[in-house]
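Here the structure comes first, spelled out in structure tokens, and everything after it is commentary.
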Amino acid sequence: MSGLTGDQTEIVLTLTDGWRIKFEDRAGPSTIACQITGGTLTAINAYGNNPIAPSSYTQVQFRAAHSGVILNQELIRKLLQNRLETNPATGKMTLYDDDDSSVLLETDVFEDVAGAQPYRGQGAERRNRMVSP
């Protein structure tokens with residue numbers, strides 16, 4: 001969307017948990033040109049964070065809006081501010097939501113850099129990626 005004025009806004013879409021946009025497969029042999037235009041589209045996935053899934057006999061062109069870095073400011077605030085506990089009995093690090101009781105993120109922690117010794121209250125030098133419980 002270009003030339004936005006007044007109270008208009010761009011759409012910002014971040015696809016997570018492996019979600020991607022896929023156009024319908026075509027029979028071929030001719031390739032059909034498909035476009036996604038305007039807004040900002042990002043992904044967090046195992047496909048190099050590519051938000052577009054391949055489909056047969058299509059050529060997808062994505063024309064993203066020009067914008068700065070997109071950050072989930074609310075999650076960043078929670079990571080920096082909310083209650084965080086490391087439990088030596090379970091070896092889990094838990095980040096709680098704003099209510100201090102709902103689990104927001106959880107991960108295993110280790111006492112060694114190699115990740116061979118689970119956390120036992122001896123000190124932690126490695127933290128794995130935080131994931132939803």
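In the structure tokens, chains take letters A, B, ... by order of appearance, with residues numbered from 1 within each chain and ligands from 1 in the order shown.
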
Would you list the contacts of Gln81 in chain A as a PDB file with C-alpha atoms, in the first residue's frame, taking every protein, DNA or RNA residue within 12 Å and counting only C-alpha atoms, but skipping same-chain residues closer than 3 positions in sequence?
```pdb
ATOM      1  CA  GLN A  73       7.235  -5.103  21.269  1.00  0.00           C
ATOM      2  CA  GLU A  74       4.772  -6.722  23.659  1.00  0.00           C
ATOM      3  CA  LEU A  75       6.733  -9.986  23.746  1.00  0.00           C
ATOM      4  CA  ILE A  76      10.013  -8.101  24.159  1.00  0.00           C
ATOM      5  CA  ARG A  77       8.523  -6.231  27.115  1.00  0.00           C
ATOM      6  CA  LYS A  78       7.421  -9.511  28.690  1.00  0.00           C
ATOM      7  CA  LEU A  84      11.328 -15.772  35.062  1.00  0.00           C
ATOM      8  CA  LEU A  95       8.701 -17.124  31.681  1.00  0.00           C
ATOM      9  CA  TYR A  96       5.288 -16.189  33.056  1.00  0.00           C
ATOM     10  CA  ASP A  97       2.686 -13.925  31.469  1.00  0.00           C
ATOM     11  CA  ASP A  98       1.593 -10.641  33.028  1.00  0.00           C
ATOM     12  CA  ASP A 100       2.423 -14.144  37.099  1.00  0.00           C
TER      13      ASP A 100
END
```

For this session: Pick out the residues sitting within 12 Å of range 102-114 of chain A, and hand them over as a ChimeraX atom specification; count only C-alpha atoms, and ignore anything fewer than 5 positions along from it in its own chain.
Result: /A:75,78-79,82-97,119-133

Exercise. What is the distance, in Å and to one decimal place, between CA of Leu13 in chain A and CA of Gln59 in chain A?
Worked result: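 CA of Gln59 in chain A lies 21.1 Å from CA of Leu13 in chain A.
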
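Residues within 12 Å of Val60 in chain A, counting only C-alpha atoms and excluding same-chain residues fewer than 3 positions away, are Ile21, Lys22, Phe23, Glu24, Asp25, Thr31, Ile32, Ala33, Cys34, Gln35, Ile36, Thr37, Pro51, Ile52, Ala53, Pro54, Ser55, Ser56, Tyr57 and Arg63 of chain A.
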
Could you take the residues named above and write them with C-alpha atoms, as a compact mmCIF listing (two decimals), in the first residue's frame?
```txt
# COMPACT_ATOMS: atom_id res chain seq x y z
CA ILE A 21 1.11 -18.68 1.94
CA LYS A 22 0.65 -21.09 -0.96
CA PHE A 23 -1.03 -20.44 -4.28
CA GLU A 24 -3.08 -23.22 -5.84
CA ASP A 25 -1.08 -25.77 -7.84
CA THR A 31 3.60 -20.99 -15.51
CA ILE A 32 1.11 -18.56 -13.97
CA ALA A 33 2.41 -15.32 -12.43
CA CYS A 34 1.04 -14.65 -8.94
CA GLN A 35 1.59 -11.51 -6.86
CA ILE A 36 1.37 -10.43 -3.26
CA THR A 37 1.54 -6.65 -2.94
CA PRO A 51 6.61 -16.81 3.99
CA ILE A 52 5.81 -18.28 0.54
CA ALA A 53 5.35 -22.04 -0.02
CA PRO A 54 6.09 -23.36 -3.51
CA SER A 55 3.28 -24.57 -5.78
CA SER A 56 3.33 -26.28 -9.17
CA TYR A 57 3.58 -24.06 -12.26
CA ARG A 63 6.31 -6.80 -3.39
```

Exercise. What are the DSSP strand (DSSP E or B) residues of chain A, as a VMD selection string?
Worked result: chain A and resid 12 to 15 21 to 22 32 to 37 40 to 43 52 to 53 58 to 63 84 to 87 92 to 96 103 to 110 118 126 to 127 131

Problem set entry | Within 9 Å of Leu41 in chain A using only C-alpha atoms, minus same-chain residues under 2 positions, as a PyMOL selection string | chain A and resi 11-15+38-39+43+51+62+64-65

Write the residues you've just listed into a file as a PDB file, in the first residue's frame, and include C-alpha atoms for each of them.
```pdb
ATOM      1  CA  ILE A  11      -1.223  -4.610   7.224  1.00  0.00           C
ATOM      2  CA  VAL A  12       1.651  -6.345   8.987  1.00  0.00           C
ATOM      3  CA  LEU A  13       1.456 -10.141   8.993  1.00  0.00           C
ATOM      4  CA  THR A  14       3.935 -12.502  10.649  1.00  0.00           C
ATOM      5  CA  LEU A  15       3.363 -16.199   9.935  1.00  0.00           C
ATOM      6  CA  GLY A  38       1.496  -4.086  -0.171  1.00  0.00           C
ATOM      7  CA  GLY A  39       1.787  -4.473   3.557  1.00  0.00           C
ATOM      8  CA  ALA A  43       7.610 -15.588   8.698  1.00  0.00           C
ATOM      9  CA  PRO A  51       6.606 -16.806   3.987  1.00  0.00           C
ATOM     10  CA  PHE A  62       6.172 -10.574  -3.433  1.00  0.00           C
ATOM     11  CA  ALA A  64       6.665  -5.851   0.241  1.00  0.00           C
ATOM     12  CA  ALA A  65       6.086  -2.433   1.657  1.00  0.00           C
TER      13      ALA A  65
END
```
